[in-house]
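A.B. asks: Next comes work_29.cif, mmCIF, C-alpha atoms:
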data_query
loop_
_atom_site.label_atom_id
_atom_site.label_comp_id
_atom_site.auth_asym_id
_atom_site.auth_seq_id
_atom_site.Cartn_x
_atom_site.Cartn_y
_atom_site.Cartn_z
CA MET A 933 0.00 0.00 0.00
CA ASP A 934 1.22 3.55 -0.79
CA GLU A 935 2.67 5.11 2.39
CA THR A 936 1.11 8.47 1.47
CA GLN A 937 -2.32 6.94 1.88
CA PRO A 938 -3.75 6.74 5.40
CA LYS A 939 -4.62 3.41 6.92
CA GLN A 940 -8.28 2.71 7.30
CA ILE A 941 -9.39 3.02 10.91
CA ALA A 942 -12.61 2.17 12.75
CA VAL A 943 -13.56 5.80 13.51
CA LYS A 944 -12.95 7.99 10.49
CA GLN A 945 -11.81 11.56 10.96
CA THR A 946 -13.91 14.31 9.38
CA ILE A 947 -12.71 16.59 6.60
CA LEU A 948 -14.70 19.70 5.66
CA VAL A 949 -14.34 20.51 1.94
CA VAL A 950 -15.20 24.11 1.07
CA ASP A 951 -15.45 25.14 -2.58
CA ASP A 952 -18.04 26.92 -4.71
CA MET A 953 -17.37 24.68 -7.74
CA PRO A 954 -19.22 21.32 -7.72
CA ASP A 955 -16.55 19.66 -9.88
CA ASN A 956 -13.83 20.54 -7.37
CA ILE A 957 -15.92 19.23 -4.47
CA GLU A 958 -16.65 16.02 -6.35
CA LEU A 959 -12.97 15.44 -7.10
CA LEU A 960 -11.81 16.09 -3.53
CA THR A 961 -14.51 13.96 -1.91
CA GLU A 962 -13.76 11.14 -4.34
CA VAL A 963 -10.11 11.22 -3.23
CA LEU A 964 -10.93 11.48 0.48
CA ASN A 965 -14.01 9.29 0.97
CA PRO A 966 -12.21 5.92 1.09
CA TYR A 967 -10.30 7.09 4.17
CA TYR A 968 -12.26 9.91 5.82
CA ARG A 969 -15.75 11.19 6.51
CA THR A 970 -16.37 14.29 4.42
CA LYS A 971 -18.64 17.28 4.84
CA ILE A 972 -19.11 19.85 2.11
CA ALA A 973 -19.87 23.56 2.01
CA THR A 974 -20.33 25.57 -1.18
CA ASN A 975 -19.70 28.97 0.40
CA GLY A 976 -18.01 30.58 3.38
CA GLU A 977 -21.20 31.06 5.40
CA LYS A 978 -22.05 27.35 5.29
CA ALA A 979 -18.45 26.46 6.09
CA LEU A 980 -18.48 28.57 9.27
CA LYS A 981 -21.83 27.15 10.35
CA ILE A 982 -20.47 23.59 10.08
CA ALA A 983 -17.14 24.49 11.70
CA PHE A 984 -18.83 26.20 14.66
CA SER A 985 -21.25 23.33 15.25
CA SER A 986 -20.87 20.86 18.12
CA SER A 987 -19.31 18.31 15.74
CA LYS A 988 -16.56 20.45 14.24
CA PRO A 989 -14.32 18.89 11.56
CA ASP A 990 -10.82 17.58 12.22
CA LEU A 991 -9.40 19.43 9.18
CA ILE A 992 -10.67 21.91 6.58
CA LEU A 993 -9.77 22.06 2.88
CA LEU A 994 -10.64 25.64 1.96
CA ASP A 995 -10.93 27.39 -1.39
CA ILE A 996 -10.00 31.09 -1.44
CA MET A 997 -11.97 32.62 -4.31
CA MET A 998 -15.65 32.20 -3.45
CA PRO A 999 -18.67 34.50 -3.73
CA GLY A 1000 -19.59 36.25 -0.51
CA ILE A 1001 -17.09 35.48 2.24
CA SER A 1002 -13.70 34.64 0.79
CA GLY A 1003 -11.55 31.79 2.01
CA TYR A 1004 -9.24 34.29 3.69
CA ASP A 1005 -12.18 35.72 5.66
CA VAL A 1006 -13.33 32.25 6.65
CA CYS A 1007 -9.85 31.37 7.87
CA GLN A 1008 -9.65 34.60 9.88
CA LYS A 1009 -12.98 33.90 11.60
CA LEU A 1010 -11.90 30.33 12.37
CA LYS A 1011 -8.66 31.54 13.96
CA ASP A 1012 -10.47 34.23 15.95
CA ASN A 1013 -12.75 31.64 17.59
CA PRO A 1014 -11.19 29.70 20.51
CA ASP A 1015 -13.25 26.60 19.63
CA THR A 1016 -11.87 26.36 16.08
CA ARG A 1017 -8.54 28.15 16.40
CA ASN A 1018 -6.52 24.94 16.35
CA VAL A 1019 -8.41 23.12 13.60
CA PRO A 1020 -5.90 22.78 10.71
CA VAL A 1021 -6.84 24.66 7.54
CA ILE A 1022 -5.31 23.80 4.16
CA PHE A 1023 -5.97 26.26 1.35
CA VAL A 1024 -6.77 24.50 -1.97
CA THR A 1025 -6.82 27.15 -4.65
CA ALA A 1026 -5.92 28.17 -8.19
CA MET A 1027 -4.13 31.24 -6.77
CA ASN A 1028 -0.55 30.10 -7.21
CA GLU A 1029 1.50 33.23 -6.66
CA VAL A 1030 4.09 33.15 -3.86
CA THR A 1031 2.44 36.19 -2.29
CA ASP A 1032 -0.89 34.33 -2.17
CA GLU A 1033 0.69 31.36 -0.41
CA LYS A 1034 2.53 33.64 2.01
CA LYS A 1035 -0.69 35.45 2.91
CA GLY A 1036 -2.53 32.18 3.52
CA LEU A 1037 0.17 30.80 5.80
CA GLU A 1038 0.40 34.09 7.70
CA MET A 1039 -3.32 33.89 8.40
CA GLY A 1040 -2.83 30.59 10.19
CA ALA A 1041 -3.29 27.97 7.48
CA VAL A 1042 -1.03 24.94 7.93
CA ASP A 1043 -0.53 24.28 4.20
CA TYR A 1044 -1.27 25.52 0.70
CA ILE A 1045 -2.18 23.26 -2.27
CA THR A 1046 -2.60 24.66 -5.75
CA LYS A 1047 -5.07 23.47 -8.37
CA PRO A 1048 -5.23 21.32 -10.36
CA ILE A 1049 -4.70 18.99 -7.42
CA SER A 1050 -2.68 15.78 -7.26
CA PRO A 1051 -4.68 13.15 -5.32
CA ALA A 1052 -1.48 11.69 -3.84
CA ILE A 1053 -0.34 15.11 -2.60
CA VAL A 1054 -3.75 15.91 -1.11
CA LEU A 1055 -3.81 12.59 0.79
CA ALA A 1056 -0.23 12.98 1.98
CA ARG A 1057 -0.75 16.53 3.22
CA VAL A 1058 -4.06 15.69 4.91
CA LYS A 1059 -2.54 12.65 6.60
CA THR A 1060 0.46 14.65 7.87
CA HIS A 1061 -1.55 17.52 9.30
CA LEU A 1062 -4.16 15.26 10.91
CA ALA A 1063 -1.33 13.37 12.61
CA LEU A 1064 0.16 16.64 13.86
CA TYR A 1065 -3.27 17.82 15.04
CA ASP A 1066 -3.85 14.56 16.90
CA GLN A 1067 -0.44 14.86 18.53
CA THR A 1068 -1.16 18.44 19.54
CA ARG A 1069 -4.49 17.47 21.06
CA MET A 1070 -2.87 14.60 22.95
CA LEU A 1071 -0.18 16.91 24.34
CA GLU A 1072 -2.81 19.50 25.30
CA HIS A 1073 -4.76 16.79 27.10
CA MET A 1074 -1.64 15.70 28.96
CA VAL A 1075 -0.92 19.30 29.95
CA GLU A 1076 -4.51 19.75 31.14
CA GLN A 1077 -4.26 16.59 33.21
CA ARG A 1078 -0.97 17.67 34.75
CA THR A 1079 -2.29 21.16 35.42
CA ALA A 1080 -5.36 19.68 37.11
CA GLU A 1081 -3.14 17.47 39.27
CA LEU A 1082 -0.99 20.45 40.29
CA GLU A 1083 -4.11 22.52 41.04
CA LYS A 1084 -5.49 19.70 43.18
CA THR A 1085 -2.20 19.43 45.08
CA ARG A 1086 -2.05 23.18 45.61
CA ARG A 1087 -5.58 23.28 47.00
CA GLN A 1088 -4.85 20.37 49.31
CA ILE A 1089 -1.78 22.21 50.67
CA ILE A 1090 -3.87 25.34 51.24
CA ARG A 1091 -6.51 23.34 53.07
CA ARG A 1092 -3.95 21.53 55.17
CA LEU A 1093 -2.34 24.82 56.24
CA GLY A 1094 -5.79 26.10 57.15
CA ARG A 1095 -6.52 22.96 59.13
CA ALA A 1096 -3.12 23.21 60.87
CA SER A 1097 -4.02 26.62 62.29
CA GLU A 1098 -7.33 25.32 63.59
CA PHE A 1099 -5.83 22.32 65.36
CA LYS A 1100 -4.27 24.76 67.82
CA ASP A 1101 -7.62 25.89 69.25
CA ASN A 1102 -10.07 23.41 67.77
CA GLU A 1103 -9.90 19.70 68.55
CA THR A 1104 -10.54 18.40 65.04
CA GLY A 1105 -10.03 21.44 62.83
CA ASN A 1106 -13.50 21.04 61.27
CA HIS A 1107 -14.18 24.77 61.69
CA VAL A 1108 -12.46 25.52 58.37
CA ILE A 1109 -14.65 22.99 56.57
CA ARG A 1110 -17.88 24.37 58.02
CA MET A 1111 -17.11 28.04 57.49
CA SER A 1112 -15.81 27.40 53.95
CA HIS A 1113 -19.16 25.83 53.09
CA TYR A 1114 -21.01 28.70 54.80
CA ALA A 1115 -19.07 31.23 52.72
CA ARG A 1116 -19.80 29.23 49.56
CA LEU A 1117 -23.53 29.20 50.29
CA ILE A 1118 -23.71 32.94 51.03
CA ALA A 1119 -21.76 33.86 47.88
CA ALA A 1120 -23.97 31.62 45.73
CA ALA A 1121 -27.09 33.17 47.28
CA MET A 1122 -25.79 36.58 46.21
CA GLY A 1123 -25.75 35.35 42.61
CA LYS A 1124 -21.97 35.47 42.31
CA SER A 1125 -20.34 33.56 39.46
CA ASP A 1126 -19.29 29.92 39.81
CA GLU A 1127 -15.66 31.03 39.53
CA PHE A 1128 -16.06 33.55 42.39
CA VAL A 1129 -17.79 30.96 44.58
CA ASP A 1130 -15.17 28.30 43.86
CA ILE A 1131 -12.20 30.56 44.59
CA LEU A 1132 -13.76 31.84 47.81
CA PHE A 1133 -14.59 28.30 48.93
CA ASN A 1134 -11.04 27.11 48.38
CA ALA A 1135 -9.35 30.22 49.84
CA ALA A 1136 -11.52 30.33 52.99
CA PRO A 1137 -9.55 27.65 54.90
CA MET A 1138 -6.57 30.01 55.05
CA HIS A 1139 -8.41 32.83 56.83
CA ASP A 1140 -6.91 32.05 60.26
CA VAL A 1141 -3.53 30.63 59.22
CA GLY A 1142 -1.89 33.45 61.19
CA LYS A 1143 -2.99 31.73 64.41
CA ILE A 1144 -0.02 29.42 63.92
CA GLY A 1145 2.08 32.30 65.28
CA ILE A 1146 -0.09 33.07 68.32
CA PRO A 1147 1.27 31.69 71.65
CA ASP A 1148 -0.83 28.91 73.21
CA ASN A 1149 -1.25 30.81 76.47
CA VAL A 1150 -3.16 33.44 74.49
CA LEU A 1151 -4.93 31.30 71.92
CA LEU A 1152 -6.05 28.60 74.36
CA LYS A 1153 -6.82 30.82 77.37
CA PRO A 1154 -10.15 29.61 78.83
CA GLY A 1155 -11.15 33.04 80.13
CA LYS A 1156 -11.26 36.52 78.67
CA LEU A 1157 -8.10 37.99 77.20
CA ASP A 1158 -6.55 41.04 78.82
CA GLU A 1159 -5.61 44.07 76.71
CA GLU A 1160 -2.03 42.94 76.13
CA GLN A 1161 -3.22 39.48 75.06
CA TRP A 1162 -5.74 41.07 72.70
CA LYS A 1163 -2.96 43.05 71.07
CA ILE A 1164 -1.17 39.76 70.40
CA MET A 1165 -4.35 38.09 69.11
CA ARG A 1166 -5.02 40.98 66.74
CA THR A 1167 -1.72 40.34 64.96
CA HIS A 1168 -2.90 37.07 63.41
CA PRO A 1169 -4.51 38.57 60.23
CA LYS A 1170 -1.26 40.33 59.23
CA MET A 1171 0.76 37.30 60.27
CA GLY A 1172 -1.44 35.11 58.07
CA ALA A 1173 -1.08 37.47 55.11
CA GLU A 1174 2.71 37.33 55.52
CA ILE A 1175 2.66 33.52 55.67
CA ILE A 1176 0.64 33.32 52.44
CA GLY A 1177 2.70 36.00 50.74
CA THR A 1178 1.99 38.06 47.62
CA HIS A 1179 1.10 36.13 44.47
CA SER A 1180 -0.39 36.73 41.02
CA ASP A 1181 -2.29 33.44 41.34
CA GLU A 1182 -5.97 34.22 41.95
CA LEU A 1183 -6.48 31.56 44.61
CA LEU A 1184 -3.48 32.56 46.72
CA LYS A 1185 -4.26 36.23 46.19
CA THR A 1186 -7.77 35.63 47.55
CA ALA A 1187 -6.41 33.58 50.47
CA GLN A 1188 -4.23 36.53 51.47
CA ILE A 1189 -7.18 38.92 51.18
CA VAL A 1190 -9.47 36.86 53.41
CA SER A 1191 -6.69 36.32 55.94
CA LEU A 1192 -6.00 40.04 56.17
CA THR A 1193 -9.59 41.36 56.12
CA HIS A 1194 -11.90 38.85 57.84
CA HIS A 1195 -11.77 40.79 61.15
CA GLU A 1196 -12.44 44.19 59.59
CA LYS A 1197 -15.87 45.65 60.50
CA TRP A 1198 -18.35 47.58 58.40
CA ASP A 1199 -18.17 50.66 60.67
CA GLY A 1200 -14.36 50.78 60.60
CA SER A 1201 -13.82 49.50 64.15
CA GLY A 1202 -12.24 46.19 63.09
CA TYR A 1203 -8.63 45.20 62.71
CA PRO A 1204 -5.86 45.25 61.57
CA ASN A 1205 -6.39 48.24 59.22
CA GLN A 1206 -9.75 49.72 60.37
CA LEU A 1207 -11.19 49.43 56.88
CA LYS A 1208 -14.74 50.72 56.53
CA GLY A 1209 -17.73 49.71 54.41
CA GLU A 1210 -16.87 48.67 50.87
CA GLU A 1211 -13.20 49.37 51.51
CA ILE A 1212 -13.34 45.83 52.89
CA PRO A 1213 -13.14 43.36 49.98
CA LEU A 1214 -16.40 41.47 49.43
CA MET A 1215 -14.74 38.13 50.06
CA GLY A 1216 -13.53 39.38 53.44
CA ARG A 1217 -17.04 40.58 54.32
CA ILE A 1218 -18.54 37.19 53.44
CA ILE A 1219 -15.90 35.32 55.44
CA ALA A 1220 -16.62 37.58 58.42
CA ILE A 1221 -20.22 36.37 58.65
CA ALA A 1222 -19.33 32.73 57.95
CA ASP A 1223 -16.56 32.80 60.56
CA VAL A 1224 -18.61 34.50 63.28
CA PHE A 1225 -21.63 32.25 62.71
CA ASP A 1226 -19.48 29.16 63.17
CA ALA A 1227 -17.70 30.63 66.19
CA LEU A 1228 -21.02 31.44 67.86
CA THR A 1229 -22.56 28.03 67.18
CA SER A 1230 -19.49 26.00 68.23
CA ASP A 1231 -17.93 25.17 71.58
CA ARG A 1232 -14.73 27.13 72.24
CA PRO A 1233 -12.28 27.04 75.21
CA TYR A 1234 -13.90 30.20 76.57
CA LYS A 1235 -17.62 29.47 75.92
CA ARG A 1236 -20.32 26.95 75.10
CA ALA A 1237 -22.08 26.92 71.70
CA TRP A 1238 -24.90 29.40 71.26
CA THR A 1239 -28.28 28.43 69.82
CA ILE A 1240 -28.94 29.09 66.14
CA GLU A 1241 -31.56 31.68 67.07
CA ASP A 1242 -29.16 33.63 69.30
CA ALA A 1243 -26.39 33.45 66.70
CA VAL A 1244 -28.69 34.82 63.98
CA ARG A 1245 -29.87 37.59 66.32
CA ILE A 1246 -26.28 38.67 67.02
CA ILE A 1247 -25.47 38.77 63.31
CA GLU A 1248 -28.64 40.74 62.53
CA GLU A 1249 -27.84 43.21 65.33
CA GLY A 1250 -24.34 43.58 63.87
CA ALA A 1251 -25.64 44.68 60.44
CA GLY A 1252 -24.23 48.11 59.67
CA THR A 1253 -21.65 47.96 62.47
CA HIS A 1254 -19.82 44.61 62.29
CA PHE A 1255 -21.32 43.19 59.10
CA ASP A 1256 -22.23 44.37 55.61
CA PRO A 1257 -26.01 44.99 55.78
CA GLY A 1258 -26.37 43.74 52.22
CA LEU A 1259 -25.19 40.26 53.23
CA ILE A 1260 -27.81 39.62 55.91
CA ALA A 1261 -30.57 38.60 53.48
CA PRO A 1262 -28.36 36.13 51.52
CA PHE A 1263 -27.09 34.75 54.85
CA LYS A 1264 -30.62 34.15 56.18
CA SER A 1265 -31.81 32.67 52.88
CA VAL A 1266 -29.27 29.81 53.12
CA LEU A 1267 -29.56 29.33 56.88
CA PRO A 1268 -31.33 25.93 56.57
CA ASP A 1269 -28.42 24.61 54.49
CA MET A 1270 -25.89 26.12 56.89
CA ILE A 1271 -27.52 24.26 59.77
CA LYS A 1272 -27.22 21.01 57.82
CA ILE A 1273 -23.52 21.76 57.24
CA ARG A 1274 -23.02 22.47 60.96
CA ASP A 1275 -24.63 19.15 61.93
CA LYS A 1276 -22.87 17.16 59.22
CA TYR A 1277 -19.38 18.42 60.11
CA ALA A 1278 -19.78 18.65 63.87
CA GLU A 1279 -16.65 18.32 66.02
CA SER A 1280 -18.17 15.21 67.62
CA HIS A 1281 -17.85 13.43 64.24
CA GLY A 1282 -14.07 13.62 64.43
CA ALA A 1283 -11.56 15.09 62.04
CA LEU A 1284 -12.66 14.98 58.41
CA THR A 1285 -10.67 14.75 55.18
CA ASP A 1286 -10.03 16.82 52.08
CA MET A 1287 -12.88 14.95 50.42
CA ASP A 1288 -15.25 16.98 52.60
CA PHE A 1289 -14.15 20.16 50.81
CA ASN A 1290 -15.38 18.65 47.54
CA LYS A 1291 -18.87 17.84 48.78
CA THR A 1292 -21.20 20.69 47.94
CA GLU A 1293 -24.41 18.83 48.66
CA VAL A 1294 -26.13 19.39 51.98
#
How does this structure look as structure tokens?
C.D. replies:
Amino acid sequence: MDETQPKQIAVKQTILVVDDMPDNIELLTEVLNPYYRTKIATNGEKALKIAFSSSKPDLILLDIMMPGISGYDVCQKLKDNPDTRNVPVIFVTAMNEVTDEKKGLEMGAVDYITKPISPAIVLARVKTHLALYDQTRMLEHMVEQRTAELEKTRRQIIRRLGRASEFKDNETGNHVIRMSHYARLIAAAMGKSDEFVDILFNAAPMHDVGKIGIPDNVLLKPGKLDEEQWKIMRTHPKMGAEIIGTHSDELLKTAQIVSLTHHEKWDGSGYPNQLKGEEIPLMGRIIAIADVFDALTSDRPYKRAWTIEDAVRIIEEGAGTHFDPGLIAPFKSVLPDMIKIRDKYAESHGALTDMDFNKTEV
């Protein structure tokens, strides 16, 4: 068998043939059909409609001189669309000047075949560029898999650091799981984007990482802190921000923000920077409610857990002073789900795993 001809395979790849001349289409499909599935378009508009469909072709053979949208215009639109940018385009045209070929390749075409065509050359070029396209897709898939693995590892490290801080004053460290889910629910109730909700959910565990640097005699004191001890306690947001550091990565950037701002108050009386109102980043304002709600409804060394009713009353009374008034309604709307989260991840259930950060059902 001629090596320029592709081997027949069970699942044929799809070639889109675009030409306004029926004879040219007939000739190309006759050459290709034994080895590939073919689709045809007699003008640029039809070609784009097929290319932008859910079953886009694996390669496009594209004429240049056509009525309406030219082949150059079609190629430009294909390269401008992220979904079709990487689909290989081979110009098949009677325009045989070097300048024509140069223009086609500069527009993103992978090859240029002049008419009249040689069937052997068409098959060889199509085979080569499909193989390269398959290899590119395989490499992209491998990169995506590796990137996903690295992202998963990074998030696990962030969660573990968050859990580490909680183990100092919380027997199982489940506080970070509960309040991360609370923050997720409140943000979703506000109608924030999935991306916003996901980043907040995964950054939330780092809000108290600065507690790692607080002495045990302060952090674990069963009674009220004196003024000097409060000064030490109030250093943990800045300490946490320094531990996380400054990054361009959105997740780590958000983790630093929530660490630094979750104790700021709407009226400017919070710490460490006495930010006021919308000077406090929204993610910090959401974490503030989630954090306080969990603190109020959980046992701590210095107090017993409050009832849900009392905790909600305190948060409502804090609207406009401690908390963003605009967050009270979203908070109350998801309260039933927050109660389920509290019961599901109670300290009495023991320390939970990273899998619990992935469970969004309640």
A.B. asks: From the options A:Arg1057, A:Ile957, A:Tyr1065, A:Asn1013, which residue's atoms come nearest to Asp990 of chain A, counting only C-alpha atoms?
C.D. replies: A:Tyr1065
A.B. asks: Measuring between all atoms listed in the file, which one of A:Arg969, A:Arg1166, A:Lys978, A:His1107 shows the shortest distance to Asp1275 of chain A?
C.D. replies: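 Among A:Arg969, A:Arg1166, A:Lys978, A:His1107, it is A:His1107 that comes nearest to Asp1275 of chain A.
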A.B. asks: Using atom CA of Lys1034 of chain A and atom CA of Leu1062 of chain A as the two end points, give the distance in Å to one decimal.
C.D. replies: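 Value for the atom CA of Lys1034 of chain A-atom CA of Leu1062 of chain A distance: 21.5 Å.
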A.B. asks: Identify which of the residues A:Glu1081, A:Asp1199, A:Asp1140, A:Asp1015 lies closest to Glu1174 of chain A, counting all atoms listed in the file when measuring atom-to-atom distances.
C.D. replies: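 Between A:Glu1081, A:Asp1199, A:Asp1140, A:Asp1015, the residue approaching Glu1174 of chain A most closely is A:Asp1140.
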A.B. asks: Between A:Gly1123, A:Asp1158, A:His1168, A:Glu977, which is the closest to Gly1145 of chain A once you count all atoms listed in the file?
C.D. replies: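 Among the listed residues, the smallest separation from Gly1145 of chain A belongs to A:His1168.
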A.B. asks: Considering all atoms listed in the file, state which residue in the set A:Met1215, A:Leu1082, A:Val1190, A:Ile1045 is at the smallest distance from Ala1119 of chain A.
C.D. replies: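 Nearest to Ala1119 of chain A: A:Met1215.
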A.B. asks: Name the residues that the PyMOL selection byres ((chain A and resi 1061) around 9) picks from the file above, as a list in words, using the file's chain letters and numbers.
C.D. replies: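 The output of the PyMOL selection byres ((chain A and resi 1061) around 9) on this file is Leu991, Pro1020, Ile1022, Val1042, Asp1043, Ala1056, Arg1057, Val1058, Lys1059, Thr1060, Leu1062, Ala1063, Leu1064, Tyr1065 and Asp1066 of chain A.
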A.B. asks: When you count all atoms listed in the file, which of these residues is closest to His1254 of chain A: A:Leu993, A:Leu1152, A:Ile1273, A:Ile1221?
C.D. replies: A:Ile1221
A.B. asks: Around all the atoms of segment 1240-1255 of chain A listed in the file, draw an axis-aligned box and extend it by 3 Å on each of the six sides; I want its centre and edge lengths in Å to one decimal, as AutoDock Vina command-line options.
C.D. replies:
--center_x -25.7 --center_y 38.6 --center_z 64.2 --size_x 17.7 --size_y 25.0 --size_z 16.2
A.B. asks: Do a neighbour search on Gly1216 of chain A at 8 Å with all atoms listed in the file, toss out local chain neighbours closer than 5 positions, and write the hits as a list in words.
C.D. replies: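 Within the cut-off, the hits are Ile1189, Val1190, Ser1191, Thr1193, His1194 and Glu1196 of chain A.
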A.B. asks: State, in Å with one decimal place, the distance from atom CA of Asp1223 of chain A to atom CA of Glu1182 of chain A.
C.D. replies: 21.5 Å
A.B. asks: What gap, in Å, lies between atom CA of Asp955 of chain A and atom CA of Asp995 of chain A?
C.D. replies: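 Separation between atom CA of Asp955 of chain A and atom CA of Asp995 of chain A: 12.8 Å.
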